[in-house]
>>> print(open('upload02.txt').read())   # compact mmCIF, C-alpha atoms and all ligand atoms
# COMPACT_ATOMS: atom_id res chain seq x y z
CA MET A 1 -17.80 3.25 5.95
CA ILE A 2 -14.99 4.01 3.53
CA CYS A 3 -12.64 1.19 2.52
CA VAL A 4 -9.15 1.67 1.10
CA LEU A 5 -6.74 -0.93 -0.32
CA THR A 6 -3.11 0.05 0.14
CA GLY A 7 0.61 -0.60 0.35
CA GLY A 8 2.94 1.39 2.56
CA THR A 9 4.44 4.52 0.92
CA GLY A 10 2.19 6.32 -1.59
CA GLY A 11 -0.64 4.43 0.04
CA ALA A 12 0.20 5.62 3.55
CA LYS A 13 0.27 9.26 2.41
CA PHE A 14 -3.18 8.81 0.89
CA VAL A 15 -4.45 7.12 4.08
CA ASP A 16 -3.16 10.15 5.99
CA GLY A 17 -5.30 12.33 3.71
CA LEU A 18 -8.33 10.11 4.31
CA ARG A 19 -8.00 10.26 8.09
CA ARG A 20 -8.15 14.04 7.76
CA ALA A 21 -11.16 13.89 5.42
CA VAL A 22 -13.45 11.41 7.24
CA PRO A 23 -13.95 10.47 10.91
CA GLU A 24 -11.21 7.92 11.66
CA GLU A 25 -13.63 5.26 12.89
CA GLN A 26 -15.37 5.33 9.50
CA LEU A 27 -12.22 4.22 7.71
CA THR A 28 -11.20 0.59 7.07
CA VAL A 29 -7.75 -0.01 5.61
CA ILE A 30 -7.02 -3.31 3.84
CA VAL A 31 -3.25 -3.71 3.73
CA ASN A 32 -0.81 -5.65 1.56
CA THR A 33 1.13 -8.35 3.42
CA GLY A 34 3.14 -9.62 0.41
CA ASP A 35 6.25 -7.80 1.76
CA ASP A 36 6.06 -9.53 5.17
CA SER A 37 9.22 -11.24 6.29
CA SER A 38 11.16 -12.61 9.20
CA TRP A 39 14.08 -10.49 10.41
CA TRP A 40 16.30 -11.39 13.39
CA GLY A 41 13.58 -13.91 14.25
CA LEU A 42 10.91 -11.18 14.35
CA SER A 43 7.71 -11.04 12.28
CA ILE A 44 7.82 -7.91 10.14
CA SER A 45 4.80 -6.53 8.23
CA PRO A 46 6.24 -3.37 6.61
CA ASP A 47 3.02 -2.06 5.07
CA ILE A 48 0.88 -2.70 8.15
CA ASP A 49 3.56 -0.95 10.23
CA SER A 50 3.59 2.10 7.95
CA ILE A 51 -0.21 2.35 8.07
CA ILE A 52 -0.32 2.05 11.89
CA TYR A 53 2.49 4.60 12.26
CA MET A 54 0.71 6.93 9.85
CA LEU A 55 -2.72 6.57 11.51
CA SER A 56 -1.24 7.07 14.99
CA GLY A 57 0.82 10.07 13.90
CA ALA A 58 4.10 8.34 14.85
CA ILE A 59 5.53 8.00 11.31
CA SER A 60 8.78 9.69 10.35
CA THR A 61 7.71 12.18 7.69
CA GLU A 62 11.29 12.69 6.46
CA ARG A 63 11.85 8.99 5.76
CA GLY A 64 8.23 8.04 4.98
CA TRP A 65 8.64 4.85 7.06
CA GLY A 66 9.50 3.95 10.65
CA VAL A 67 9.08 6.08 13.75
CA ARG A 68 9.73 9.81 13.98
CA GLY A 69 12.91 10.64 15.91
CA ASP A 70 14.03 7.01 16.07
CA THR A 71 17.62 5.92 16.72
CA PHE A 72 19.40 2.87 15.32
CA HIS A 73 21.68 1.68 18.16
CA CYS A 74 20.38 -1.91 18.07
CA LEU A 75 20.91 -2.07 14.29
CA GLN A 76 24.49 -0.79 14.65
CA THR A 77 25.22 -3.29 17.41
CA MET A 78 23.77 -6.19 15.39
CA LYS A 79 26.00 -5.10 12.49
CA LYS A 80 29.08 -5.09 14.78
CA LEU A 81 28.08 -8.58 15.95
CA GLY A 82 28.12 -9.76 12.34
CA GLU A 83 24.36 -10.01 11.83
CA PRO A 84 22.64 -8.78 8.65
CA ALA A 85 21.86 -5.05 8.87
CA TRP A 86 20.51 -4.07 5.45
CA PHE A 87 16.92 -3.78 6.69
CA SER A 88 16.76 -0.70 8.92
CA ILE A 89 14.85 -1.28 12.11
CA GLY A 90 14.92 1.61 14.56
CA ASP A 91 15.08 1.20 18.33
CA ARG A 92 11.51 2.43 18.87
CA ASP A 93 10.29 0.55 15.81
CA LEU A 94 11.64 -2.64 17.40
CA ALA A 95 8.78 -2.53 19.94
CA MET A 96 6.23 -2.99 17.12
CA HIS A 97 7.99 -6.11 15.84
CA LEU A 98 8.58 -7.56 19.31
CA LEU A 99 4.90 -7.12 20.18
CA ARG A 100 3.66 -8.61 16.89
CA THR A 101 6.02 -11.58 17.23
CA GLN A 102 4.85 -12.20 20.82
CA LEU A 103 1.18 -11.99 19.85
CA LEU A 104 1.69 -14.41 16.94
CA LEU A 105 3.70 -16.82 19.12
CA LYS A 106 0.80 -16.83 21.60
CA GLY A 107 -1.39 -18.16 18.79
CA ASN A 108 -3.11 -14.99 17.59
CA THR A 109 -3.77 -14.62 13.88
CA LEU A 110 -2.18 -11.71 12.00
CA SER A 111 -5.62 -9.98 12.02
CA GLU A 112 -5.89 -10.36 15.80
CA ALA A 113 -2.32 -9.19 16.34
CA THR A 114 -2.87 -6.20 14.01
CA HIS A 115 -6.12 -5.25 15.78
CA GLU A 116 -4.40 -5.43 19.19
CA ILE A 117 -1.36 -3.41 18.08
CA ALA A 118 -3.47 -0.77 16.32
CA ASN A 119 -5.60 -0.40 19.48
CA ARG A 120 -2.54 0.01 21.67
CA PHE A 121 -1.25 2.72 19.31
CA GLY A 122 -4.60 4.52 19.72
CA VAL A 123 -5.66 3.96 16.11
CA ARG A 124 -9.42 4.30 15.71
CA SER A 125 -9.64 3.19 12.06
CA ARG A 126 -9.91 -0.53 11.32
CA VAL A 127 -6.68 -2.00 9.92
CA LEU A 128 -7.06 -5.40 8.21
CA PRO A 129 -4.27 -7.48 6.71
CA MET A 130 -5.37 -8.79 3.32
CA SER A 131 -4.98 -12.38 4.58
CA ASN A 132 -3.94 -14.32 7.67
CA GLN A 133 -2.11 -16.87 5.52
CA PRO A 134 1.41 -16.01 4.36
CA VAL A 135 1.55 -14.62 0.82
CA ARG A 136 5.05 -13.67 -0.34
CA THR A 137 5.89 -11.48 -3.32
CA ILE A 138 8.77 -13.11 -5.20
CA ILE A 139 10.69 -11.11 -7.80
CA GLU A 140 12.44 -13.20 -10.45
CA THR A 141 15.66 -11.50 -11.62
CA PRO A 142 18.78 -12.60 -13.55
CA ALA A 143 20.46 -12.88 -10.10
CA GLY A 144 17.78 -15.36 -8.97
CA GLU A 145 14.55 -15.13 -7.02
CA LEU A 146 14.39 -12.35 -4.44
CA SER A 147 11.86 -11.52 -1.73
CA PHE A 148 10.34 -8.08 -2.21
CA GLU A 149 12.46 -6.61 0.61
CA GLU A 150 15.66 -8.11 -0.84
CA TYR A 151 14.79 -6.61 -4.22
CA PHE A 152 13.59 -3.26 -2.87
CA VAL A 153 15.73 -2.52 0.21
CA LYS A 154 18.86 -4.70 0.01
CA ARG A 155 19.47 -4.36 -3.74
CA ARG A 156 17.73 -0.97 -4.14
CA TYR A 157 15.57 -2.24 -7.05
CA GLN A 158 18.51 -2.21 -9.48
CA ASP A 159 17.94 -5.76 -10.82
CA GLN A 160 16.15 -6.39 -14.07
CA VAL A 161 12.74 -7.88 -13.29
CA ILE A 162 11.82 -10.98 -15.26
CA SER A 163 8.56 -11.79 -13.50
CA VAL A 164 6.64 -11.39 -10.26
CA ARG A 165 4.66 -14.03 -8.42
CA PHE A 166 2.75 -14.24 -5.17
CA GLU A 167 3.77 -17.39 -3.34
CA GLY A 168 0.99 -18.83 -1.21
CA ALA A 169 -1.73 -16.69 -2.77
CA PRO A 170 -3.73 -19.53 -4.39
CA ASN A 171 -4.27 -21.14 -0.97
CA ALA A 172 -4.75 -17.91 1.00
CA LYS A 173 -8.12 -16.69 2.22
CA PRO A 174 -9.15 -13.07 2.67
CA ALA A 175 -8.73 -12.13 6.34
CA PRO A 176 -11.96 -11.99 8.36
CA GLY A 177 -13.90 -8.85 7.49
CA VAL A 178 -12.17 -8.11 4.18
CA LEU A 179 -14.93 -9.33 1.86
CA ASP A 180 -17.74 -7.90 4.05
CA VAL A 181 -16.04 -4.51 4.18
CA ILE A 182 -15.66 -4.37 0.39
CA ALA A 183 -19.29 -5.45 -0.08
CA SER A 184 -20.77 -2.99 2.42
CA ALA A 185 -18.52 0.08 1.96
CA GLU A 186 -19.97 3.37 0.77
CA ALA A 187 -16.85 3.79 -1.35
CA VAL A 188 -13.89 1.54 -2.16
CA LEU A 189 -10.66 3.42 -2.84
CA ILE A 190 -7.47 2.00 -4.33
CA ALA A 191 -4.56 4.06 -2.98
CA PRO A 192 -1.81 5.29 -5.34
CA SER A 193 0.24 2.24 -4.44
CA ASN A 194 2.40 0.04 -6.61
CA PRO A 195 -0.16 -1.85 -8.75
CA VAL A 196 2.12 -4.91 -9.04
CA THR A 197 3.71 -5.40 -5.61
CA SER A 198 1.26 -3.59 -3.28
CA ILE A 199 -2.21 -3.91 -4.81
CA GLY A 200 -1.22 -7.00 -6.87
CA PRO A 201 -0.83 -9.31 -3.83
CA ILE A 202 -4.17 -8.14 -2.40
CA LEU A 203 -5.90 -8.90 -5.73
CA ALA A 204 -4.17 -12.31 -5.87
CA VAL A 205 -5.97 -13.52 -2.73
CA PRO A 206 -8.88 -15.58 -4.08
CA GLY A 207 -12.20 -13.81 -3.60
CA ILE A 208 -10.97 -10.21 -3.26
CA ARG A 209 -11.09 -9.37 -6.97
CA GLU A 210 -14.56 -10.89 -7.21
CA ALA A 211 -15.70 -8.82 -4.19
CA LEU A 212 -14.43 -5.65 -5.89
CA THR A 213 -16.28 -6.57 -9.08
CA SER A 214 -19.56 -7.22 -7.31
CA THR A 215 -19.63 -4.45 -4.69
CA SER A 216 -22.34 -1.84 -5.25
CA ALA A 217 -19.90 0.86 -4.07
CA MET A 218 -17.99 2.92 -6.60
CA VAL A 219 -14.37 1.75 -6.89
CA VAL A 220 -12.02 4.72 -7.31
CA ALA A 221 -8.25 4.38 -7.87
CA VAL A 222 -5.62 7.10 -7.64
CA SER A 223 -2.86 6.59 -10.19
CA PRO A 224 0.70 6.11 -8.86
CA ILE A 225 1.89 6.88 -12.42
CA VAL A 226 2.18 10.34 -13.96
CA GLY A 227 3.00 10.39 -17.67
CA GLU A 228 5.34 7.43 -18.25
CA ASN A 229 6.89 7.38 -14.78
CA ALA A 230 6.10 6.24 -11.28
CA VAL A 231 5.99 9.12 -8.81
CA SER A 232 8.63 7.16 -6.87
CA GLY A 233 10.04 3.64 -6.58
CA PRO A 234 10.15 0.69 -8.98
CA ALA A 235 6.52 0.57 -10.18
CA ALA A 236 7.48 1.33 -13.80
CA ASN A 237 9.91 -1.63 -14.09
CA LEU A 238 7.52 -3.95 -12.31
CA MET A 239 4.59 -2.91 -14.52
CA ALA A 240 6.69 -3.42 -17.66
CA ALA A 241 7.66 -6.91 -16.43
CA GLN A 242 3.95 -7.68 -16.04
CA ARG A 243 3.35 -6.41 -19.59
CA LEU A 244 1.40 -3.41 -18.37
CA GLU A 245 1.93 -0.13 -20.21
CA VAL A 246 3.64 2.34 -17.87
CA SER A 247 0.90 4.97 -17.99
CA ILE A 248 -2.58 5.56 -16.62
CA ARG A 249 -3.72 3.18 -19.38
CA GLY A 250 -1.66 0.43 -17.69
CA ILE A 251 -3.25 1.24 -14.33
CA ALA A 252 -6.72 1.09 -15.94
CA THR A 253 -5.79 -2.28 -17.48
CA ALA A 254 -4.56 -3.69 -14.16
CA TYR A 255 -7.89 -2.82 -12.51
CA ALA A 256 -10.12 -3.17 -15.60
CA ASP A 257 -12.61 -5.66 -14.17
CA PHE A 258 -13.67 -3.56 -11.18
CA LEU A 259 -12.56 0.06 -11.62
CA ASP A 260 -15.25 2.77 -11.94
CA VAL A 261 -13.18 5.96 -11.70
CA LEU A 262 -9.46 6.61 -12.21
CA LEU A 263 -7.98 9.77 -10.72
CA ALA A 264 -5.08 10.94 -12.88
CA HIS A 265 -2.77 13.94 -12.95
CA THR A 266 -3.90 17.01 -14.93
CA SER A 267 -0.88 16.54 -17.20
CA ASP A 268 -2.46 13.20 -18.25
CA ALA A 269 -5.73 14.85 -19.36
CA ASP A 270 -5.37 13.69 -23.00
CA ALA A 271 -4.65 10.09 -22.01
CA ALA A 272 -7.53 10.26 -19.52
CA LEU A 273 -9.91 11.27 -22.31
CA GLU A 274 -8.65 8.38 -24.47
CA ILE A 275 -9.24 5.71 -21.84
CA ARG A 276 -12.68 6.91 -20.79
CA SER A 277 -15.43 4.48 -21.68
CA ASP A 278 -18.97 3.50 -20.69
CA ARG A 279 -17.39 1.45 -17.89
CA LEU A 280 -14.58 3.77 -16.80
CA GLN A 281 -14.74 7.41 -15.79
CA THR A 282 -11.62 9.50 -15.38
CA HIS A 283 -11.02 12.61 -13.36
CA CYS A 284 -7.91 14.78 -13.53
CA THR A 285 -6.54 16.71 -10.60
CA ASN A 286 -3.23 17.27 -8.81
CA ILE A 287 -2.46 13.74 -7.55
CA LEU A 288 0.97 14.62 -6.11
CA MET A 289 0.96 14.59 -2.31
CA ASN A 290 3.82 16.95 -1.50
CA THR A 291 2.14 18.50 1.53
CA ILE A 292 -0.36 17.47 4.21
CA GLU A 293 -2.90 19.75 2.49
CA ASP A 294 -2.31 17.89 -0.82
CA ARG A 295 -3.07 14.59 0.92
CA ALA A 296 -6.34 15.82 2.45
CA ARG A 297 -7.45 17.51 -0.76
CA LEU A 298 -6.73 14.40 -2.86
CA ALA A 299 -8.63 12.24 -0.35
CA ARG A 300 -11.62 14.62 -0.49
CA THR A 301 -11.55 14.54 -4.30
CA ALA A 302 -11.48 10.72 -4.33
CA LEU A 303 -14.42 10.66 -1.91
CA SER A 304 -16.40 13.18 -3.92
CA VAL A 305 -15.97 11.30 -7.22
CA SER A 306 -16.98 8.10 -5.45
CA CYS A 307 -20.39 9.68 -4.79
CA ARG A 308 -21.16 10.66 -8.34
CA GLU A 309 -20.00 9.84 -11.82
CA ALA A 310 -16.95 11.96 -12.55
CA SER A 311 -17.85 14.01 -15.53
CA THR A 312 -15.23 16.67 -15.97
CA VAL A 313 -11.90 15.53 -17.30
CA GLY A 314 -9.38 18.22 -16.57
CA ALA A 315 -11.61 20.00 -14.05
CA ALA A 316 -8.72 20.19 -11.66
CA GLU A 317 -9.24 21.17 -8.08
CA GLY A 318 -6.80 23.11 -5.97
CA GLN A 319 -4.48 24.15 -8.74
P1 LIG A 401 5.29 0.35 -0.81
O1 LIG A 401 4.45 -0.66 -0.10
O2 LIG A 401 6.33 0.98 0.07
O3 LIG A 401 5.82 -0.12 -2.15
O4 LIG A 401 4.33 1.60 -1.08
P2 LIG A 401 3.07 1.84 -2.03
O5 LIG A 401 2.94 0.75 -3.04
O6 LIG A 401 1.89 2.19 -1.17
O7 LIG A 401 3.56 3.20 -2.70
C1 LIG A 401 4.46 3.23 -3.78
C2 LIG A 401 3.81 3.96 -4.95
O8 LIG A 401 3.35 5.23 -4.51
C3 LIG A 401 4.77 4.22 -6.08
O9 LIG A 401 4.37 3.47 -7.20
C4 LIG A 401 4.66 5.74 -6.35
O10 LIG A 401 4.57 6.04 -7.73
C5 LIG A 401 3.40 6.12 -5.60
N1 LIG A 401 3.45 7.47 -5.03
C6 LIG A 401 4.37 7.93 -4.13
N2 LIG A 401 4.09 9.22 -3.81
C7 LIG A 401 2.98 9.58 -4.54
C8 LIG A 401 2.21 10.78 -4.65
O11 LIG A 401 2.49 11.80 -4.01
N3 LIG A 401 1.14 10.75 -5.51
C9 LIG A 401 0.81 9.64 -6.24
N4 LIG A 401 -0.25 9.71 -7.06
N5 LIG A 401 1.52 8.49 -6.15
C10 LIG A 401 2.58 8.46 -5.30
>>> encode(input="upload02.txt", output="structure tokens")
Amino acid sequence: MICVLTGGTGGAKFVDGLRRAVPEEQLTVIVNTGDDSSWWGLSISPDIDSIIYMLSGAISTERGWGVRGDTFHCLQTMKKLGEPAWFSIGDRDLAMHLLRTQLLLKGNTLSEATHEIANRFGVRSRVLPMSNQPVRTIIETPAGELSFEEYFVKRRYQDQVISVRFEGAPNAKPAPGVLDVIASAEAVLIAPSNPVTSIGPILAVPGIREALTSTSAMVVAVSPIVGENAVSGPAANLMAAQRLEVSIRGIATAYADFLDVLLAHTSDADAALEIRSDRLQTHCTNILMNTIEDRARLARTALSVSCREASTVGAAEGQ
């Protein structure tokens, strides 16, 4: 079984590659829930939603989130009625949130609700929230403390970031299955997700970091950073706020205690050579997922370096 830790954008594209590279039932996806929130009284889990939409083939490829071909009549009506409308929920997407909210109100845990929803969407991979207890990513800015969605969606990540914390993490437990999956996986992959606000909350749940350190599987991360920039989104600002260098070196530092192989872009070949050590291998390839083929090829490369020690820096594939 292959295990992947992920957020919802870069991570979902990588998960799409994995589902094309291995039989779906052999894939377990451990998902960030630090962005979860309540919206119009509904329980929203943005990263779990993106992963389920991606694995079921329903995702909107143009937007990278939500459901393909969705409409936004409910959102427009709520806006007319004076309700907040900065978080875009499509009409078809609404079904996901209504179902999750119902399942949680009936007393199911988030794991149980996620399992049920994934099944009903026909997803054959296992989708696990990182924890059943609420963990909330809080971004401290000069304008005050913001939830991740307020920072990212409402304010379009324009605020200066002073610090990031994960409320509830110290008392959270890994969701059932998470530690076992990490311990027994043939390979553990860290998707090219935001290391601070997507992988960070997962690592903040007590026990998960330790499981990554002690698993006998190779742990392979794909960098979300190329050169000194994030491929997209606010990862660079968030890394700087956490005193991480915005580079593959910063990614290696964030995962230093458990990372075996870092996949970096070919343009980072010099930096990759510099950070190689007895403990960390690096492998350079095209890590940009512009097409479906890119996603599948990157997933296959990550799987192949998880089976052997990467030995060829700059031995790019598919370029
Ligand atoms: P979120 O939950 O929506 O924040 O999504 P993720 O954390 O899973 O993904 C965001 C990260 O994906 C950003 O830091 C980007 O730099 C990274 N990313 C987006 N597209 C690509 C890509 O094609 N290749 C790589 N290597 N990283 C990407």
>>> residues_around(input="upload02.txt", residues="Gly7 of chain A", least_positions_apart="3", cutoff="8 Å", atoms="all atoms listed in the file", output="ChimeraX atom specification")
/A:10-12,31-32,47,191,193-194,198-199
>>> closest_residue(input="upload02.txt", among="A:His283, A:Arg295, A:Arg120, A:Arg209", to="Ala271 of chain A", atoms="all atoms listed in the file")
A:His283
>>> atom_distance(input="upload02.txt", atom1="atom CA of Glu145 of chain A", atom2="atom CA of Ser232 of chain A")
23.1 Å
>>> closest_atom_pairs(input="upload02.txt", of="chain A", to="ligand LIG 401 (chain A)", cutoff="9 Å", atoms="all atoms listed in the file", output="Markdown table")
| residue | atom | partner | partner_atom | distance |
| --- | --- | --- | --- | --- |
| A:Thr6 | CA | A:LIG401 | O6 | 5.6 |
| A:Gly7 | CA | A:LIG401 | O6 | 3.4 |
| A:Gly8 | CA | A:LIG401 | O1 | 3.7 |
| A:Thr9 | CA | A:LIG401 | O4 | 3.5 |
| A:Gly10 | CA | A:LIG401 | O8 | 3.3 |
| A:Gly11 | CA | A:LIG401 | O6 | 3.6 |
| A:Ala12 | CA | A:LIG401 | O6 | 6.1 |
| A:Lys13 | CA | A:LIG401 | O11 | 7.3 |
| A:Phe14 | CA | A:LIG401 | N3 | 8.0 |
| A:Asn32 | CA | A:LIG401 | O1 | 7.4 |
| A:Asp35 | CA | A:LIG401 | O1 | 7.6 |
| A:Pro46 | CA | A:LIG401 | O1 | 7.5 |
| A:Asp47 | CA | A:LIG401 | O1 | 5.5 |
| A:Ser50 | CA | A:LIG401 | O2 | 8.4 |
| A:Gly64 | CA | A:LIG401 | O2 | 8.8 |
| A:Trp65 | CA | A:LIG401 | O2 | 8.3 |
| A:Phe152 | CA | A:LIG401 | O3 | 8.4 |
| A:Ala191 | CA | A:LIG401 | O6 | 7.0 |
| A:Pro192 | CA | A:LIG401 | N5 | 4.7 |
| A:Ser193 | CA | A:LIG401 | O5 | 3.4 |
| A:Asn194 | CA | A:LIG401 | O5 | 3.7 |
| A:Pro195 | CA | A:LIG401 | O5 | 7.0 |
| A:Val196 | CA | A:LIG401 | O5 | 8.3 |
| A:Thr197 | CA | A:LIG401 | O3 | 6.7 |
| A:Ser198 | CA | A:LIG401 | O5 | 4.7 |
| A:Ile199 | CA | A:LIG401 | O5 | 7.2 |
| A:Val222 | CA | A:LIG401 | N4 | 6.0 |
| A:Ser223 | CA | A:LIG401 | N4 | 5.1 |
| A:Pro224 | CA | A:LIG401 | N5 | 3.7 |
| A:Ile225 | CA | A:LIG401 | O10 | 5.5 |
| A:Val226 | CA | A:LIG401 | N4 | 7.3 |
| A:Asn229 | CA | A:LIG401 | O10 | 7.5 |
| A:Ala230 | CA | A:LIG401 | O10 | 3.9 |
| A:Val231 | CA | A:LIG401 | O10 | 3.6 |
| A:Ser232 | CA | A:LIG401 | C4 | 4.2 |
| A:Gly233 | CA | A:LIG401 | C3 | 5.3 |
| A:Pro234 | CA | A:LIG401 | O9 | 6.7 |
| A:Ala235 | CA | A:LIG401 | O9 | 4.7 |
| A:Ala236 | CA | A:LIG401 | O9 | 7.6 |
| A:Leu263 | CA | A:LIG401 | N4 | 8.6 |
| A:Ala264 | CA | A:LIG401 | N4 | 7.7 |
| A:His265 | CA | A:LIG401 | N4 | 7.7 |
| A:Asn286 | CA | A:LIG401 | N4 | 8.3 |
| A:Ile287 | CA | A:LIG401 | N4 | 4.6 |
| A:Leu288 | CA | A:LIG401 | O11 | 3.8 |
| A:Met289 | CA | A:LIG401 | O11 | 3.6 |
| A:Asn290 | CA | A:LIG401 | O11 | 5.9 |
| A:Thr291 | CA | A:LIG401 | O11 | 8.7 |
| A:Asp294 | CA | A:LIG401 | O11 | 8.4 |
| A:Arg295 | CA | A:LIG401 | O11 | 7.9 |
>>> residues_around(input="upload02.txt", residues="segment 303-308 of chain A", least_positions_apart="6", cutoff="9 Å", atoms="only C-alpha atoms", output="ChimeraX atom specification")
/A:2,18,21,186-189,217-220,260-261,263,283
>>> closest_residue(input="upload02.txt", among="A:Ile139, A:Leu5, A:Ala269, A:Gly17", to="Arg300 of chain A", atoms="only C-alpha atoms")
A:Gly17
>>> axis_aligned_box(input="upload02.txt", around="segment 41-44 of chain A", padding_each_side="3 Å", output="AutoDock Vina command-line options")
--center_x 10.6 --center_y -10.9 --center_z 12.2 --size_x 11.9 --size_y 12.0 --size_z 10.2
>>> decode(input="upload02.txt", residues="segment 90-104 of chain A", atoms="N, CA and C atoms", output="PDB file, in the first residue's frame")
ATOM      1  N   GLY A  90     -20.441  25.862  -4.865  1.00  0.00           N
ATOM      2  CA  GLY A  90     -21.297  25.641  -6.028  1.00  0.00           C
ATOM      3  C   GLY A  90     -22.550  24.865  -5.640  1.00  0.00           C
ATOM      4  N   ASP A  91     -23.530  24.850  -6.545  1.00  0.00           N
ATOM      5  CA  ASP A  91     -24.796  24.179  -6.256  1.00  0.00           C
ATOM      6  C   ASP A  91     -24.609  22.670  -6.108  1.00  0.00           C
ATOM      7  N   ARG A  92     -23.787  22.070  -6.973  1.00  0.00           N
ATOM      8  CA  ARG A  92     -23.544  20.622  -6.862  1.00  0.00           C
ATOM      9  C   ARG A  92     -22.661  20.318  -5.666  1.00  0.00           C
ATOM     10  N   ASP A  93     -21.697  21.201  -5.440  1.00  0.00           N
ATOM     11  CA  ASP A  93     -20.763  21.062  -4.315  1.00  0.00           C
ATOM     12  C   ASP A  93     -21.520  21.057  -2.980  1.00  0.00           C
ATOM     13  N   LEU A  94     -22.632  21.798  -2.965  1.00  0.00           N
ATOM     14  CA  LEU A  94     -23.440  21.907  -1.739  1.00  0.00           C
ATOM     15  C   LEU A  94     -23.831  20.527  -1.208  1.00  0.00           C
ATOM     16  N   ALA A  95     -24.078  19.580  -2.118  1.00  0.00           N
ATOM     17  CA  ALA A  95     -24.496  18.229  -1.699  1.00  0.00           C
ATOM     18  C   ALA A  95     -23.441  17.590  -0.792  1.00  0.00           C
ATOM     19  N   MET A  96     -22.170  17.773  -1.134  1.00  0.00           N
ATOM     20  CA  MET A  96     -21.064  17.232  -0.322  1.00  0.00           C
ATOM     21  C   MET A  96     -21.157  17.756   1.116  1.00  0.00           C
ATOM     22  N   HIS A  97     -21.370  19.077   1.238  1.00  0.00           N
ATOM     23  CA  HIS A  97     -21.354  19.689   2.569  1.00  0.00           C
ATOM     24  C   HIS A  97     -22.625  19.351   3.354  1.00  0.00           C
ATOM     25  N   LEU A  98     -23.752  19.251   2.643  1.00  0.00           N
ATOM     26  CA  LEU A  98     -24.997  18.851   3.307  1.00  0.00           C
ATOM     27  C   LEU A  98     -24.868  17.430   3.844  1.00  0.00           C
ATOM     28  N   LEU A  99     -24.305  16.541   3.022  1.00  0.00           N
ATOM     29  CA  LEU A  99     -24.172  15.137   3.437  1.00  0.00           C
ATOM     30  C   LEU A  99     -23.212  15.021   4.619  1.00  0.00           C
ATOM     31  N   ARG A 100     -22.051  15.705   4.536  1.00  0.00           N
ATOM     32  CA  ARG A 100     -21.092  15.619   5.652  1.00  0.00           C
ATOM     33  C   ARG A 100     -21.737  16.140   6.937  1.00  0.00           C
ATOM     34  N   THR A 101     -22.420  17.281   6.824  1.00  0.00           N
ATOM     35  CA  THR A 101     -23.021  17.891   8.018  1.00  0.00           C
ATOM     36  C   THR A 101     -24.048  16.935   8.625  1.00  0.00           C
ATOM     37  N   GLN A 102     -24.875  16.313   7.777  1.00  0.00           N
ATOM     38  CA  GLN A 102     -25.864  15.341   8.274  1.00  0.00           C
ATOM     39  C   GLN A 102     -25.188  14.179   8.982  1.00  0.00           C
ATOM     40  N   LEU A 103     -24.145  13.628   8.342  1.00  0.00           N
ATOM     41  CA  LEU A 103     -23.459  12.462   8.922  1.00  0.00           C
ATOM     42  C   LEU A 103     -22.832  12.817  10.272  1.00  0.00           C
ATOM     43  N   LEU A 104     -22.258  14.023  10.367  1.00  0.00           N
ATOM     44  CA  LEU A 104     -21.640  14.443  11.636  1.00  0.00           C
ATOM     45  C   LEU A 104     -22.719  14.680  12.691  1.00  0.00           C
TER      46      LEU A 104
END
